[in-house]
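J.: So that we are looking at the same thing, I have put the structure below in structure tokens.
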Amino acid sequence: MTSTTPAPRRRGRPPRTEATDAPATRDRILGAAREEFSQRGYEKTSVRGIAKAAGVDSALVHHYFGTKEQVFEAAVETALAPALDVRDATLDGPLDDIGERLARLILGLWENPATRAPLLAIVRSAVNNEAAATVFRRLVTSQLMRRVAARMEAPDAELRVELAAAQLVGIMMIRYVIKAEPLASADMEQIIQRVAPVVQGHLTNP
């Protein structure tokens, strides 16, 4: 009698049926990765844990993304995608009101529940782990802040841009991560009206 026991799953590159479903599989892995990084932090998250949460083999995670750091970087890029999609309109406009546009762009991501959750996972990991922090800084700097610095004529353009970024990151941390009052429940429009001139000053004041 012929045995009907299925052959064990082969490790390594994904089978052809899995390869044809690559976009869905990648999305599932990224979703699981964000959840794992959020719940466990960067150090306690493993590729094996991400694979288990996504319902795939660990080899499939390595196949699509590589190392844990590369999985984290892909998760950061995915979370920043809404900002990157509109960055050209935000960053290429006039410099005389770029402070407000940047504040609305960055803080708007945190006001949106759909983008807030993955960003929280990323920031919490970056706060507690230098490797995660390096990935986060590199992407934010290269994708957003250097675009602004490149348009400025000031000799200290990069310092100005980093000071502006620090202003916005500080609000992000206090309002959304630490949730300190009264900032945590303050009206967003009021916050933007107060912080935009400060960001603008860092970027364009003499």
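Letters A, B, ... go to the chains of the structure tokens in the order shown; residues in each chain start at 1; ligands are counted from 1 in the same order.
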For segment 31-44 of chain A, please output as a ChimeraX atom specification all residues within 10 Å (counting only C-alpha atoms; exclusion window: fewer than 6 positions along the same chain).
T.: /A:25,50-55,61,68-69,71-72,74-76,78-79,117-133
J.: With only C-alpha atoms as the counted atoms, please give the residues lying no more than 9 Å from Leu95 of chain A, apart from itself and same-chain residues fewer than 4 positions off, as a PDB file with all heavy atoms, in the first residue's frame.
T.:
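Written file, out_15.pdb:
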```pdb
ATOM      1  N   LEU A  91       8.893  68.466   0.384  1.00  0.00           N
ATOM      2  CA  LEU A  91      10.264  68.952   0.474  1.00  0.00           C
ATOM      3  C   LEU A  91      10.666  69.864  -0.671  1.00  0.00           C
ATOM      4  O   LEU A  91      11.585  70.664  -0.525  1.00  0.00           O
ATOM      5  CB  LEU A  91      11.229  67.755   0.542  1.00  0.00           C
ATOM      6  CG  LEU A  91      10.985  66.766   1.688  1.00  0.00           C
ATOM      7  CD1 LEU A  91      12.051  65.682   1.670  1.00  0.00           C
ATOM      8  CD2 LEU A  91      10.974  67.464   3.033  1.00  0.00           C
ATOM      9  N   GLY A  99       8.846  74.593   7.437  1.00  0.00           N
ATOM     10  CA  GLY A  99       8.711  74.157   8.818  1.00  0.00           C
ATOM     11  C   GLY A  99       7.328  73.599   9.095  1.00  0.00           C
ATOM     12  O   GLY A  99       7.178  72.538   9.710  1.00  0.00           O
ATOM     13  N   VAL A 148      16.153  68.078   2.524  1.00  0.00           N
ATOM     14  CA  VAL A 148      15.981  69.473   2.922  1.00  0.00           C
ATOM     15  C   VAL A 148      17.335  70.175   2.941  1.00  0.00           C
ATOM     16  O   VAL A 148      17.493  71.282   2.418  1.00  0.00           O
ATOM     17  CB  VAL A 148      15.309  69.574   4.301  1.00  0.00           C
ATOM     18  CG1 VAL A 148      15.143  71.032   4.713  1.00  0.00           C
ATOM     19  CG2 VAL A 148      13.954  68.879   4.283  1.00  0.00           C
ATOM     20  N   ARG A 151      18.895  71.615  -0.230  1.00  0.00           N
ATOM     21  CA  ARG A 151      18.317  72.818  -0.830  1.00  0.00           C
ATOM     22  C   ARG A 151      18.730  74.088  -0.095  1.00  0.00           C
ATOM     23  O   ARG A 151      18.430  75.184  -0.556  1.00  0.00           O
ATOM     24  CB  ARG A 151      16.792  72.705  -0.829  1.00  0.00           C
ATOM     25  CG  ARG A 151      16.257  71.527  -1.627  1.00  0.00           C
ATOM     26  CD  ARG A 151      14.744  71.621  -1.720  1.00  0.00           C
ATOM     27  NE  ARG A 151      14.347  72.905  -2.298  1.00  0.00           N
ATOM     28  CZ  ARG A 151      13.228  73.550  -1.973  1.00  0.00           C
ATOM     29  NH1 ARG A 151      12.421  73.055  -1.064  1.00  0.00           N
ATOM     30  NH2 ARG A 151      12.929  74.701  -2.550  1.00  0.00           N
ATOM     31  N   MET A 152      19.390  73.934   1.030  1.00  0.00           N
ATOM     32  CA  MET A 152      19.744  75.092   1.842  1.00  0.00           C
ATOM     33  C   MET A 152      21.144  75.576   1.502  1.00  0.00           C
ATOM     34  O   MET A 152      22.031  74.778   1.193  1.00  0.00           O
ATOM     35  CB  MET A 152      19.644  74.732   3.328  1.00  0.00           C
ATOM     36  CG  MET A 152      18.229  74.338   3.758  1.00  0.00           C
ATOM     37  SD  MET A 152      18.176  73.570   5.386  1.00  0.00           S
ATOM     38  CE  MET A 152      18.895  74.877   6.393  1.00  0.00           C
ATOM     39  N   GLN A 200      10.886  75.998  11.542  1.00  0.00           N
ATOM     40  CA  GLN A 200      11.253  76.945  10.492  1.00  0.00           C
ATOM     41  C   GLN A 200      12.482  77.758  10.875  1.00  0.00           C
ATOM     42  O   GLN A 200      13.385  77.978  10.069  1.00  0.00           O
ATOM     43  CB  GLN A 200      10.074  77.881  10.215  1.00  0.00           C
ATOM     44  CG  GLN A 200      10.309  78.823   9.033  1.00  0.00           C
ATOM     45  CD  GLN A 200      10.253  78.095   7.698  1.00  0.00           C
ATOM     46  OE1 GLN A 200       9.417  77.229   7.472  1.00  0.00           O
ATOM     47  NE2 GLN A 200      11.167  78.439   6.807  1.00  0.00           N
ATOM     48  N   LEU A 203      15.705  75.966  10.443  1.00  0.00           N
ATOM     49  CA  LEU A 203      16.071  75.743   9.045  1.00  0.00           C
ATOM     50  C   LEU A 203      16.492  77.014   8.304  1.00  0.00           C
ATOM     51  O   LEU A 203      17.425  76.976   7.479  1.00  0.00           O
ATOM     52  CB  LEU A 203      14.899  75.097   8.302  1.00  0.00           C
ATOM     53  CG  LEU A 203      14.498  73.697   8.772  1.00  0.00           C
ATOM     54  CD1 LEU A 203      13.230  73.236   8.059  1.00  0.00           C
ATOM     55  CD2 LEU A 203      15.614  72.693   8.546  1.00  0.00           C
ATOM     56  N   THR A 204      15.858  78.124   8.585  1.00  0.00           N
ATOM     57  CA  THR A 204      16.075  79.288   7.721  1.00  0.00           C
ATOM     58  C   THR A 204      16.489  80.566   8.433  1.00  0.00           C
ATOM     59  O   THR A 204      16.892  81.523   7.767  1.00  0.00           O
ATOM     60  CB  THR A 204      14.800  79.592   6.902  1.00  0.00           C
ATOM     61  OG1 THR A 204      13.704  79.847   7.803  1.00  0.00           O
ATOM     62  CG2 THR A 204      14.445  78.419   6.003  1.00  0.00           C
TER      63      THR A 204
END
```
J.: By how many Å are atom CA of Pro94 of chain A and atom CA of Phe136 of chain A apart?
T.: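 One can read the atom CA of Pro94 of chain A to atom CA of Phe136 of chain A distance as 27.0 Å.
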J.: Please, which residues of chain A, numbered as in this document, come out alpha helix (DSSP H) from DSSP, as a PyMOL selection string?
T.: chain A and resi 16-19+22-44+47-54+58-65+68-91+98-111+113-128+130-140+146-149+157-172+188-204
J.: Using only C-alpha atoms, what does the table of segment 48-149 of chain A residues within 9 Å of segment 158-173 of chain A look like, with each row giving the shortest atom pair and its distance in Å to one decimal, sorted by chain and ascending number, as a tab-separated table?
T.:
```
residue	atom	partner	partner_atom	distance
A:Gly99	CA	A:Ala164	CA	8.2
A:Leu102	CA	A:Leu168	CA	8.8
A:Ala103	CA	A:Leu168	CA	6.9
A:Ile106	CA	A:Leu168	CA	7.5
A:Leu107	CA	A:Met172	CA	7.2
A:Trp110	CA	A:Met172	CA	7.5
A:Val123	CA	A:Met173	CA	8.5
A:Thr141	CA	A:Glu162	CA	8.5
A:Met145	CA	A:Val161	CA	6.2
A:Arg146	CA	A:Glu158	CA	7.3
A:Val148	CA	A:Val161	CA	7.1
A:Ala149	CA	A:Glu158	CA	5.6
```
J.: Could you please take those selected residues and save C-alpha atoms as a PDB file, in the first residue's frame?
T.:
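What ended up in selection.pdb:
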```pdb
ATOM      1  CA  GLY A  99       8.711  74.157   8.818  1.00  0.00           C
ATOM      2  CA  LEU A 102       7.468  69.110   7.714  1.00  0.00           C
ATOM      3  CA  ALA A 103       5.563  69.286  10.994  1.00  0.00           C
ATOM      4  CA  ILE A 106       5.819  63.900  10.320  1.00  0.00           C
ATOM      5  CA  LEU A 107       3.226  64.431  13.044  1.00  0.00           C
ATOM      6  CA  TRP A 110       1.571  59.632  14.142  1.00  0.00           C
ATOM      7  CA  VAL A 123      10.732  53.688  17.759  1.00  0.00           C
ATOM      8  CA  THR A 141      18.264  61.072   7.423  1.00  0.00           C
ATOM      9  CA  MET A 145      16.274  65.301   6.150  1.00  0.00           C
ATOM     10  CA  ARG A 146      19.136  65.306   3.642  1.00  0.00           C
ATOM     11  CA  VAL A 148      15.981  69.473   2.922  1.00  0.00           C
ATOM     12  CA  ALA A 149      19.658  70.143   3.670  1.00  0.00           C
TER      13      ALA A 149
END
```
J.: Would you compute the distance between atom CA of Val199 of chain A and atom CA of Ala184 of chain A? Give it in Å to one decimal.
T.: 19.6 Å
